[in-house]
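Pasted below: input_3.csv, CSV, C-alpha atoms and all ligand atoms.
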chain,number,residue,atom,x,y,z
A,1,MET,CA,113.7,127.6,103.4
A,2,ARG,CA,113.6,127.2,107.2
A,3,ARG,CA,112.1,123.8,108.0
A,4,ILE,CA,108.9,124.9,109.6
A,5,THR,CA,106.2,122.3,110.6
A,6,LEU,CA,102.5,123.1,110.5
A,7,SER,CA,102.4,123.4,114.3
A,8,ARG,CA,105.2,126.0,114.3
A,9,TYR,CA,103.5,127.9,111.4
A,10,LEU,CA,100.3,128.0,113.4
A,11,ILE,CA,102.0,129.1,116.6
A,12,GLU,CA,103.6,132.0,114.7
A,13,GLU,CA,100.2,132.9,113.1
A,14,GLN,CA,98.8,132.9,116.6
A,15,ARG,CA,101.5,134.4,118.7
A,16,GLU,CA,103.3,136.8,116.3
A,17,LYS,CA,100.4,137.8,114.0
A,18,GLY,CA,97.4,137.3,116.2
A,19,LYS,CA,95.7,135.8,113.1
A,20,ILE,CA,94.2,132.8,114.9
A,21,ASN,CA,93.5,131.8,118.5
A,22,ALA,CA,94.4,128.6,120.4
A,23,ASP,CA,91.1,126.9,119.5
A,24,LEU,CA,91.4,127.5,115.8
A,25,ARG,CA,95.0,126.4,115.9
A,26,LEU,CA,93.9,123.1,117.6
A,27,LEU,CA,91.1,122.7,115.0
A,28,ILE,CA,93.5,123.0,112.1
A,29,GLU,CA,96.1,120.6,113.7
A,30,VAL,CA,93.3,118.1,114.3
A,31,VAL,CA,92.1,118.4,110.7
A,32,ALA,CA,95.6,118.0,109.5
A,33,ARG,CA,96.0,114.8,111.6
A,34,ALA,CA,92.7,113.5,110.1
A,35,CYS,CA,94.1,114.2,106.6
A,36,LYS,CA,97.2,112.2,107.5
A,37,SER,CA,95.0,109.2,108.5
A,38,ILE,CA,93.1,109.5,105.2
A,39,ALA,CA,96.4,109.6,103.3
A,40,ILE,CA,97.5,106.4,105.0
A,41,ALA,CA,94.2,104.6,104.3
A,42,ILE,CA,94.3,105.7,100.6
A,43,GLY,CA,97.8,104.4,100.4
A,44,LYS,CA,96.7,100.9,101.3
A,45,GLY,CA,94.5,100.8,98.1
A,46,GLY,CA,93.3,97.3,97.3
A,47,LEU,CA,95.5,95.6,99.9
A,48,GLY,CA,93.6,93.9,102.8
A,49,GLU,CA,90.4,91.9,102.9
A,50,GLY,CA,87.7,92.2,100.3
A,51,GLY,CA,89.6,94.5,98.0
A,52,GLY,CA,90.8,96.7,100.8
A,53,ILE,CA,89.5,100.3,100.8
A,54,LEU,CA,88.7,100.3,97.0
A,55,GLY,CA,85.2,99.9,95.6
A,56,GLU,CA,81.7,100.8,96.6
A,57,ALA,CA,80.4,101.0,100.1
A,58,GLY,CA,77.0,99.7,99.0
A,59,SER,CA,75.3,103.0,100.2
A,60,ASP,CA,74.3,106.4,98.8
A,61,ASN,CA,75.1,109.8,100.3
A,62,VAL,CA,72.7,112.6,100.7
A,63,GLN,CA,73.4,113.7,97.2
A,64,GLY,CA,72.1,110.3,96.0
A,65,GLU,CA,75.6,109.4,94.8
A,66,ALA,CA,77.0,105.9,95.4
A,67,GLN,CA,79.5,106.1,98.2
A,68,LYS,CA,83.0,104.6,97.9
A,69,LYS,CA,84.2,102.7,101.0
A,70,LEU,CA,86.8,105.5,101.4
A,71,ASP,CA,84.0,108.2,101.3
A,72,VAL,CA,82.5,106.6,104.4
A,73,LEU,CA,85.9,105.9,106.1
A,74,SER,CA,87.1,109.4,105.4
A,75,ASN,CA,84.0,110.9,106.9
A,76,GLU,CA,84.3,108.7,110.0
A,77,ILE,CA,87.9,109.7,110.4
A,78,PHE,CA,86.9,113.4,110.3
A,79,LEU,CA,84.1,113.0,112.8
A,80,GLU,CA,86.1,111.0,115.3
A,81,ALA,CA,89.2,113.3,115.1
A,82,ASN,CA,87.2,116.5,115.6
A,83,GLU,CA,84.5,115.8,118.1
A,84,TRP,CA,86.5,115.5,121.4
A,85,GLY,CA,88.7,118.6,121.1
A,86,GLY,CA,86.3,121.2,122.6
A,87,HIS,CA,87.0,123.6,119.6
A,88,LEU,CA,83.8,122.8,117.7
A,89,ALA,CA,80.1,123.7,118.1
A,90,GLY,CA,79.2,121.4,115.1
A,91,MET,CA,80.2,119.8,111.8
A,92,ALA,CA,78.7,119.4,108.4
A,93,SER,CA,79.8,117.0,105.7
A,94,GLU,CA,79.0,116.3,102.1
A,95,GLU,CA,78.4,112.7,103.3
A,96,MET,CA,75.7,113.6,105.9
A,97,GLU,CA,72.3,115.1,105.3
A,98,LEU,CA,72.2,116.9,108.6
A,99,PRO,CA,74.9,118.6,110.8
A,100,HIS,CA,76.7,116.4,113.2
A,101,ALA,CA,76.2,117.4,116.8
A,102,ILE,CA,79.2,117.3,119.2
A,103,PRO,CA,78.3,114.6,121.8
A,104,ASN,CA,77.3,116.0,125.2
A,105,ARG,CA,80.3,114.2,126.9
A,106,TYR,CA,82.6,116.7,125.1
A,107,PRO,CA,82.9,120.5,125.6
A,108,GLN,CA,81.6,122.7,122.8
A,109,GLY,CA,83.7,125.3,121.0
A,110,GLU,CA,83.0,128.4,118.9
A,111,TYR,CA,83.7,127.0,115.5
A,112,LEU,CA,81.8,125.1,112.8
A,113,LEU,CA,83.7,122.7,110.5
A,114,LEU,CA,82.4,121.9,107.1
A,115,PHE,CA,84.1,119.4,104.8
A,116,ASP,CA,84.1,117.2,101.8
A,117,PRO,CA,86.1,114.4,103.3
A,118,LEU,CA,87.0,112.8,100.0
A,119,ASP,CA,86.5,114.8,96.9
A,120,GLY,CA,86.9,113.1,93.5
A,121,SER,CA,86.4,109.7,95.1
A,122,SER,CA,85.5,108.3,91.7
A,123,ASN,CA,89.2,108.5,90.9
A,124,ILE,CA,90.2,106.3,93.8
A,125,ASP,CA,89.8,103.1,91.9
A,126,ILE,CA,92.0,104.4,89.1
A,127,ASN,CA,94.7,105.7,91.4
A,128,VAL,CA,94.3,109.3,90.4
A,129,SER,CA,94.8,112.1,93.0
A,130,VAL,CA,91.9,112.9,95.2
A,131,GLY,CA,91.5,115.3,98.1
A,132,THR,CA,89.8,116.6,101.2
A,133,ILE,CA,88.3,120.1,101.3
A,134,PHE,CA,87.4,122.0,104.5
A,135,SER,CA,85.9,125.3,105.6
A,136,VAL,CA,85.8,126.9,109.1
A,137,LEU,CA,83.1,129.3,110.3
A,138,ARG,CA,82.2,130.8,113.7
A,139,CYS,CA,79.0,129.5,115.2
A,140,PRO,CA,76.7,132.6,115.5
A,141,GLU,CA,75.8,133.6,119.1
A,142,GLY,CA,72.8,131.7,120.3
A,143,ALA,CA,72.5,129.6,117.1
A,144,ASP,CA,71.7,125.9,117.4
A,145,PRO,CA,74.7,124.1,115.7
A,146,THR,CA,72.6,120.9,115.2
A,147,LEU,CA,70.5,122.9,112.7
A,148,GLN,CA,71.7,123.8,109.2
A,149,ASP,CA,70.8,127.5,109.7
A,150,ALA,CA,73.9,128.0,111.9
A,151,PHE,CA,76.0,127.0,108.9
A,152,LEU,CA,74.3,129.1,106.2
A,153,GLN,CA,76.8,132.0,106.2
A,154,PRO,CA,78.4,133.6,103.1
A,155,GLY,CA,81.9,132.6,102.2
A,156,THR,CA,83.2,136.0,103.4
A,157,ALA,CA,82.5,134.7,107.0
A,158,GLN,CA,85.1,131.9,106.7
A,159,VAL,CA,87.9,132.2,109.2
A,160,ALA,CA,90.0,129.4,107.6
A,161,ALA,CA,89.9,127.0,104.7
A,162,GLY,CA,92.1,124.4,103.2
A,163,TYR,CA,92.5,121.3,101.2
A,164,ALA,CA,94.6,118.2,101.2
A,165,VAL,CA,95.8,116.6,98.0
A,166,TYR,CA,96.5,112.8,98.2
A,167,GLY,CA,98.8,112.4,95.2
A,168,PRO,CA,102.4,111.6,94.5
A,169,THR,CA,103.0,113.6,97.7
A,170,THR,CA,100.4,114.5,100.3
A,171,LEU,CA,99.9,118.2,100.5
A,172,LEU,CA,98.0,120.5,102.9
A,173,VAL,CA,97.1,123.9,101.5
A,174,LEU,CA,95.8,126.4,104.1
A,175,THR,CA,94.6,130.0,104.5
A,176,VAL,CA,93.7,131.7,107.8
A,177,GLY,CA,93.1,135.0,105.9
A,178,ASP,CA,96.9,135.8,105.8
A,179,GLY,CA,97.8,134.4,102.3
A,180,VAL,CA,98.0,130.8,101.3
A,181,ALA,CA,100.6,128.3,102.6
A,182,CYS,CA,101.5,124.8,101.3
A,183,PHE,CA,102.8,122.0,103.5
A,184,THR,CA,104.2,118.7,102.4
A,185,LEU,CA,103.7,115.5,104.5
A,186,ASP,CA,107.1,114.3,105.6
A,187,ARG,CA,106.3,110.6,106.0
A,188,GLU,CA,109.5,109.9,107.9
A,189,ILE,CA,108.6,112.2,110.8
A,190,GLY,CA,104.8,112.2,110.2
A,191,SER,CA,104.6,116.0,110.1
A,192,PHE,CA,103.4,118.5,107.5
A,193,VAL,CA,106.4,120.7,106.7
A,194,LEU,CA,106.1,124.2,105.1
A,195,THR,CA,107.1,124.1,101.4
A,196,GLU,CA,105.5,127.2,100.1
A,197,GLU,CA,104.9,130.2,102.3
A,198,LYS,CA,102.8,132.4,100.0
A,199,LEU,CA,101.2,130.8,97.0
A,200,ARG,CA,100.3,133.3,94.3
A,201,ILE,CA,98.1,132.6,91.2
A,202,PRO,CA,99.5,134.3,88.0
A,203,GLU,CA,96.9,136.8,86.7
A,204,GLU,CA,97.3,135.5,83.1
A,205,THR,CA,97.1,132.0,81.9
A,206,LYS,CA,97.0,129.8,78.8
A,207,GLU,CA,95.5,126.8,80.5
A,208,PHE,CA,91.8,126.0,81.1
A,209,ALA,CA,90.1,123.1,82.9
A,210,ILE,CA,86.5,122.1,82.0
A,211,ASN,CA,84.6,118.9,81.2
A,212,MET,CA,84.3,119.4,77.4
A,213,SER,CA,81.7,116.7,77.0
A,214,ASN,CA,79.1,119.1,78.5
A,215,ARG,CA,79.7,121.8,75.8
A,216,ARG,CA,76.2,121.4,74.2
A,217,PHE,CA,74.6,121.9,77.7
A,218,TRP,CA,76.5,125.1,78.6
A,219,GLU,CA,75.0,128.6,78.6
A,220,ALA,CA,76.0,130.9,75.7
A,221,PRO,CA,78.6,133.0,77.5
A,222,VAL,CA,80.6,129.8,78.5
A,223,GLN,CA,80.2,128.3,75.0
A,224,ARG,CA,81.5,131.6,73.5
A,225,TYR,CA,84.4,131.8,76.0
A,226,VAL,CA,85.6,128.2,75.5
A,227,ASP,CA,85.1,128.3,71.7
A,228,GLU,CA,87.4,131.3,71.6
A,229,LEU,CA,90.1,129.5,73.6
A,230,LEU,CA,89.8,126.6,71.2
A,231,ALA,CA,90.2,129.0,68.2
A,232,GLY,CA,93.7,129.7,69.6
A,233,LYS,CA,96.1,132.1,67.8
A,234,GLU,CA,93.9,132.5,64.7
A,235,GLY,CA,90.9,133.3,66.9
A,236,PRO,CA,89.9,136.5,68.9
A,237,ARG,CA,92.2,135.7,71.8
A,238,GLY,CA,95.3,135.7,69.5
A,239,LYS,CA,97.0,132.9,71.5
A,240,ASP,CA,96.9,129.1,71.9
A,241,PHE,CA,95.5,127.5,75.1
A,242,ASN,CA,96.1,124.2,76.7
A,243,MET,CA,93.5,122.0,78.5
A,244,ARG,CA,93.6,119.9,81.6
A,245,TRP,CA,90.7,118.0,83.3
A,246,VAL,CA,91.6,115.6,86.2
A,247,ALA,CA,87.9,115.4,87.4
A,248,SER,CA,89.2,115.9,91.0
A,249,MET,CA,88.5,119.5,91.9
A,250,VAL,CA,91.3,119.5,94.5
A,251,ALA,CA,93.9,118.3,91.9
A,252,ASP,CA,92.6,120.8,89.3
A,253,VAL,CA,92.6,123.7,91.7
A,254,HIS,CA,96.1,122.8,93.1
A,255,ARG,CA,97.5,122.9,89.6
A,256,ILE,CA,96.0,126.4,89.3
A,257,MET,CA,97.4,127.4,92.7
A,258,THR,CA,100.8,126.2,91.4
A,259,ARG,CA,101.0,127.6,87.9
A,260,GLY,CA,97.8,129.5,87.1
A,261,GLY,CA,94.8,128.5,85.0
A,262,ILE,CA,91.1,128.7,85.0
A,263,PHE,CA,88.8,126.0,86.4
A,264,MET,CA,85.1,125.9,85.3
A,265,TYR,CA,82.2,123.8,86.3
A,266,PRO,CA,79.5,126.1,84.9
A,267,LEU,CA,75.8,125.7,85.0
A,268,ASP,CA,74.6,123.3,82.3
A,269,SER,CA,71.1,122.4,81.2
A,270,LYS,CA,71.4,118.9,82.6
A,271,ILE,CA,71.9,120.1,86.1
A,272,ALA,CA,70.2,123.6,85.9
A,273,ALA,CA,67.5,122.4,88.3
A,274,GLN,CA,70.1,121.6,90.9
A,275,GLY,CA,71.8,125.0,90.5
A,276,GLY,CA,75.1,123.5,89.5
A,277,LYS,CA,77.4,120.5,90.2
A,278,LEU,CA,79.8,121.6,92.9
A,279,ARG,CA,78.6,122.3,96.5
A,280,LEU,CA,78.8,125.9,97.8
A,281,MET,CA,79.5,125.3,101.5
A,282,TYR,CA,82.3,122.8,101.4
A,283,GLU,CA,83.7,122.9,97.9
A,284,ALA,CA,83.1,126.3,96.2
A,285,ASN,CA,83.4,128.6,99.3
A,286,PRO,CA,86.7,127.1,100.7
A,287,MET,CA,88.3,127.0,97.3
A,288,ALA,CA,87.1,130.6,96.6
A,289,PHE,CA,88.7,131.8,99.8
A,290,ILE,CA,92.0,130.1,99.1
A,291,VAL,CA,92.0,131.3,95.4
A,292,GLU,CA,91.3,134.9,96.4
A,293,GLN,CA,93.9,134.8,99.1
A,294,ALA,CA,96.4,133.8,96.4
A,295,GLY,CA,95.4,136.8,94.1
A,296,GLY,CA,92.9,134.8,92.0
A,297,ALA,CA,89.1,135.3,91.5
A,298,ALA,CA,86.1,133.0,92.0
A,299,THR,CA,82.7,133.6,90.5
A,300,THR,CA,79.5,131.9,89.5
A,301,GLY,CA,79.8,133.8,86.3
A,302,ARG,CA,77.3,136.3,87.5
A,303,GLN,CA,78.3,136.8,91.2
A,304,ARG,CA,81.4,136.5,93.4
A,305,ILE,CA,81.1,133.1,95.1
A,306,MET,CA,82.0,134.3,98.5
A,307,ASP,CA,79.2,136.9,98.5
A,308,LEU,CA,76.5,134.3,98.0
A,309,GLN,CA,74.0,134.0,100.9
A,310,PRO,CA,73.5,130.2,101.2
A,311,ASN,CA,70.0,128.9,101.5
A,312,ALA,CA,70.7,125.2,102.0
A,313,LEU,CA,73.6,123.2,103.5
A,314,HIS,CA,74.1,121.1,100.3
A,315,GLN,CA,73.4,123.9,97.8
A,316,ARG,CA,75.1,123.6,94.5
A,317,VAL,CA,76.6,126.5,92.4
A,318,PRO,CA,78.4,127.1,89.1
A,319,VAL,CA,82.1,127.6,89.7
A,320,ILE,CA,84.6,129.6,87.6
A,321,LEU,CA,87.8,130.3,89.4
A,322,GLY,CA,91.6,130.9,88.9
A,323,SER,CA,93.7,133.5,87.2
A,324,ARG,CA,92.0,136.8,87.8
A,325,ASN,CA,92.2,138.2,84.2
A,326,GLU,CA,90.7,135.1,82.6
A,327,VAL,CA,87.9,134.9,85.2
A,328,ALA,CA,87.1,138.5,84.4
A,329,VAL,CA,86.7,137.6,80.7
A,330,VAL,CA,84.2,134.9,81.5
A,331,ALA,CA,82.3,137.2,84.0
A,332,GLY,CA,82.3,139.9,81.3
A,333,TYR,CA,80.6,137.6,78.7
A,334,HIS,CA,78.0,136.7,81.3
A,335,ALA,CA,77.3,140.4,81.9
A,336,GLN,CA,76.8,141.0,78.2
A,337,ASP,CA,74.4,138.0,78.0
B,401,LIG,P1,82.7,115.3,86.1
B,401,LIG,C1,84.3,115.0,91.8
B,401,LIG,O1,83.2,114.1,91.7
B,401,LIG,C2,83.7,116.4,91.6
B,401,LIG,O2,82.8,116.7,92.6
B,401,LIG,C3,84.8,117.4,91.5
B,401,LIG,O3,85.9,117.0,92.3
B,401,LIG,C4,85.2,117.4,90.0
B,401,LIG,O4,85.8,118.7,89.6
B,401,LIG,C5,83.9,117.1,89.3
B,401,LIG,O5,83.1,116.5,90.3
B,401,LIG,C6,84.1,116.3,88.1
B,401,LIG,O6,82.8,116.2,87.5
B,401,LIG,O7,81.3,115.7,85.6
B,401,LIG,O8,83.8,115.8,85.2
B,401,LIG,O9,82.9,113.9,86.5
Write out the structure in this file as structure tokens.
Ligand code: P6P
Amino acid sequence: MRRITLSRYLIEEQREKGKINADLRLLIEVVARACKSIAIAIGKGGLGEGGGILGEAGSDNVQGEAQKKLDVLSNEIFLEANEWGGHLAGMASEEMELPHAIPNRYPQGEYLLLFDPLDGSSNIDINVSVGTIFSVLRCPEGADPTLQDAFLQPGTAQVAAGYAVYGPTTLLVLTVGDGVACFTLDREIGSFVLTEEKLRIPEETKEFAINMSNRRFWEAPVQRYVDELLAGKEGPRGKDFNMRWVASMVADVHRIMTRGGIFMYPLDSKIAAQGGKLRLMYEANPMAFIVEQAGGAATTGRQRIMDLQPNALHQRVPVILGSRNEVAVVAGYHAQD
């Protein structure tokens, strides 16, 4: 494969395909640079004073979850990297209750950037892959980007989405609505290099991902679906299935982007009042955009995720995504419910 850096890929998407403009190209390059900085910080682990970047920050985020030092650091890296470029009208993060206004000393742009700066951070201390997830929207004409309403757009309004995986290698997976490309960080030159031009999710799979400890709390359609997978060859599905659960959405989704599978974080009675576990605006929607662009599907079980009209910045939703034919089985069971 030609050795194409992220910058060259974006130039070609802009110049030859007209898929993006200069501001969106700058936005993605700045986000990629922020992900490189996060990858370097993660790589330091427990080195440095006071246990390095591992451990608790001693604060809670807007979700009421204890923040890791790296949650706070990753969020700061994203804010500092993105506020000066003139490409953004505003930012929203899992780690901040309200949108982050672009300081008056910098020019404002047309885009809104939403992100989970470090997803799966509970895995940091055990050295398991974690990631960053981001979504890009346009700021509606006349909207105030310091208020959450400007951000409350359905997933179909996204102009770009991506994730970084901080694992054995550091990867950046990106869509601008023209399929899904994967870039690998070449640490010798400090650039993301194109390693997969068009990721495609196989329509069939024998691999499912779910936190099985929640089985007794699931709704009946999900219990039925998973029990049938567990019944294997002797059961109604007539084949055996394998299970994986990393508990880092980015790592689980990347496995599916690479070899297929179905990822489920369904509604369960423990979290029914919250609407689900995963957040719509900066986890479910960007992952749904990426998965659909690779030929997969993403639903709440009852509705296509990207069709949802958000009503709150930190809204949570059930997530079932991956190989199209398996997602259809789960959606079918919900429809019969
Ligand atoms: P559980 C990480 O905290 C996260 O938000 C996702 O990355 C992951 O898929 C899920 O929660 C794991 O949840 O309940 O298995 O710990």
Protein and nucleic acid residues within 10 Å of ligand LIG 401 (chain B) (only C-alpha atoms and all ligand atoms) as a PDB file with C-alpha atoms, keeping the file's coordinate frame:
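Below is the file out_8.pdb, written as the result:
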ATOM      1  CA  GLU A  65      75.600 109.400  94.800  1.00  0.00           C
ATOM      2  CA  ASP A 116      84.100 117.200 101.800  1.00  0.00           C
ATOM      3  CA  LEU A 118      87.000 112.800 100.000  1.00  0.00           C
ATOM      4  CA  ASP A 119      86.500 114.800  96.900  1.00  0.00           C
ATOM      5  CA  GLY A 120      86.900 113.100  93.500  1.00  0.00           C
ATOM      6  CA  SER A 121      86.400 109.700  95.100  1.00  0.00           C
ATOM      7  CA  SER A 122      85.500 108.300  91.700  1.00  0.00           C
ATOM      8  CA  ASN A 123      89.200 108.500  90.900  1.00  0.00           C
ATOM      9  CA  VAL A 130      91.900 112.900  95.200  1.00  0.00           C
ATOM     10  CA  GLY A 131      91.500 115.300  98.100  1.00  0.00           C
ATOM     11  CA  THR A 132      89.800 116.600 101.200  1.00  0.00           C
ATOM     12  CA  ILE A 133      88.300 120.100 101.300  1.00  0.00           C
ATOM     13  CA  ALA A 209      90.100 123.100  82.900  1.00  0.00           C
ATOM     14  CA  ILE A 210      86.500 122.100  82.000  1.00  0.00           C
ATOM     15  CA  ASN A 211      84.600 118.900  81.200  1.00  0.00           C
ATOM     16  CA  MET A 212      84.300 119.400  77.400  1.00  0.00           C
ATOM     17  CA  SER A 213      81.700 116.700  77.000  1.00  0.00           C
ATOM     18  CA  ASN A 214      79.100 119.100  78.500  1.00  0.00           C
ATOM     19  CA  TRP A 245      90.700 118.000  83.300  1.00  0.00           C
ATOM     20  CA  VAL A 246      91.600 115.600  86.200  1.00  0.00           C
ATOM     21  CA  ALA A 247      87.900 115.400  87.400  1.00  0.00           C
ATOM     22  CA  SER A 248      89.200 115.900  91.000  1.00  0.00           C
ATOM     23  CA  MET A 249      88.500 119.500  91.900  1.00  0.00           C
ATOM     24  CA  VAL A 250      91.300 119.500  94.500  1.00  0.00           C
ATOM     25  CA  ALA A 251      93.900 118.300  91.900  1.00  0.00           C
ATOM     26  CA  ASP A 252      92.600 120.800  89.300  1.00  0.00           C
ATOM     27  CA  VAL A 253      92.600 123.700  91.700  1.00  0.00           C
ATOM     28  CA  PHE A 263      88.800 126.000  86.400  1.00  0.00           C
ATOM     29  CA  MET A 264      85.100 125.900  85.300  1.00  0.00           C
ATOM     30  CA  TYR A 265      82.200 123.800  86.300  1.00  0.00           C
ATOM     31  CA  LYS A 277      77.400 120.500  90.200  1.00  0.00           C
ATOM     32  CA  LEU A 278      79.800 121.600  92.900  1.00  0.00           C
ATOM     33  CA  ARG A 279      78.600 122.300  96.500  1.00  0.00           C
ATOM     34  CA  GLU A 283      83.700 122.900  97.900  1.00  0.00           C
ATOM     35  CA  VAL A 319      82.100 127.600  89.700  1.00  0.00           C
TER      36      VAL A 319
END
Q | Straight-line distance linking CA of His334 (chain A) with CA of Ser135 (chain A), stated in Å to one decimal | A | 28.0 Å
Report, as JSON, the centre and edge lengths in Å (one decimal) of the axis-aligned box enclosing every listed atom of region 165-171 of chain A, padded by 5 Å on each side.
{"center_x": 99.4, "center_y": 114.9, "center_z": 97.5, "size_x": 17.2, "size_y": 16.6, "size_z": 16.0}
Q: Measuring atom to atom with all atoms listed in the file, identify which of A:Ser93, A:Gln223, A:Thr5, A:Asn82 is nearest to His314 (chain A).
A: A:Ser93
Excluding same-chain residues fewer than 3 positions from region 68-70 of chain A, what lies within 6 Å of it counting only C-alpha atoms, as an mmCIF file with C-alpha atoms, in the frame of the given file?
data_model
loop_
_atom_site.group_PDB
_atom_site.id
_atom_site.type_symbol
_atom_site.label_atom_id
_atom_site.label_comp_id
_atom_site.auth_asym_id
_atom_site.auth_seq_id
_atom_site.Cartn_x
_atom_site.Cartn_y
_atom_site.Cartn_z
ATOM 1 C CA ILE A 53 89.500 100.300 100.800
ATOM 2 C CA GLY A 55 85.200 99.900 95.600
ATOM 3 C CA GLU A 56 81.700 100.800 96.600
ATOM 4 C CA ALA A 57 80.400 101.000 100.100
ATOM 5 C CA LEU A 73 85.900 105.900 106.100
ATOM 6 C CA SER A 74 87.100 109.400 105.400
#
Long-range neighbours of Lys17 (chain A) as a CSV table (one decimal) with C-alpha atoms, in the coordinates of the input, 12 Å cut-off, all atoms listed in the file, 5 positions minimum in chain:
chain,number,residue,atom,x,y,z
A,9,TYR,CA,103.5,127.9,111.4
A,10,LEU,CA,100.3,128.0,113.4
A,11,ILE,CA,102.0,129.1,116.6
A,12,GLU,CA,103.6,132.0,114.7
A,176,VAL,CA,93.7,131.7,107.8
A,177,GLY,CA,93.1,135.0,105.9
A,178,ASP,CA,96.9,135.8,105.8
Q. What gap, in Å, lies between CA of Val226 (chain A) and CA of Ile201 (chain A)?
A.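 Value for the CA of Val226 (chain A)-CA of Ile201 (chain A) distance: 20.5 Å.
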Q | Of the listed residues A:Ala294, A:Ile102, A:Cys139, A:Leu308, that which approaches Val159 (chain A) most closely, counting all atoms listed in the file | A |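 Of the candidates, the smallest distance to Val159 (chain A) is held by A:Cys139.
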Q: Give as a PyMOL selection string the set of residues within 9 Å of the point (97.6, 131.7, 102.4), where distances use the file's coordinates and all atoms listed in the file.
A: chain A and resi 173-182+197-200+290-291+293-294
Q: Go through A:Gly50, A:Gly45, A:Pro266, A:Gly142 and flag the residue nearest Ala89 (chain A), using all atoms listed in the file for the distances.
A: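 Closest to Ala89 (chain A), using all atoms listed in the file: A:Gly142.
Proximity of A:Thr156, A:Thr258, A:Gln315, A:Ser37 to Glu292 (chain A), computed with only C-alpha atoms, is greatest for A:Thr156.
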Q | Å distance separating CA of Met243 (chain A) from CA of Val327 (chain A), one decimal place | A |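 Rounded to one decimal, the two atoms are 15.6 Å apart.
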**Q.** Within 7 Å of Ala150 (chain A) using all atoms listed in the file, minus same-chain residues under 6 positions, as an MDAnalysis selection string
**A.** chainID A and resid 139:140 143:144
Q: Would you please work out which residue, of A:Lys36, A:Arg304, A:Arg255, A:Lys44, is nearest to Pro318 (chain A) when using all atoms listed in the file?
A: A:Arg304
Q | Shell around Gly301 (chain A) at 12 Å using all atoms listed in the file, local window under 5 positions removed, as number ranges by chain | A | A: 219-222, 225, 263-267, 276, 317-321, 326-337
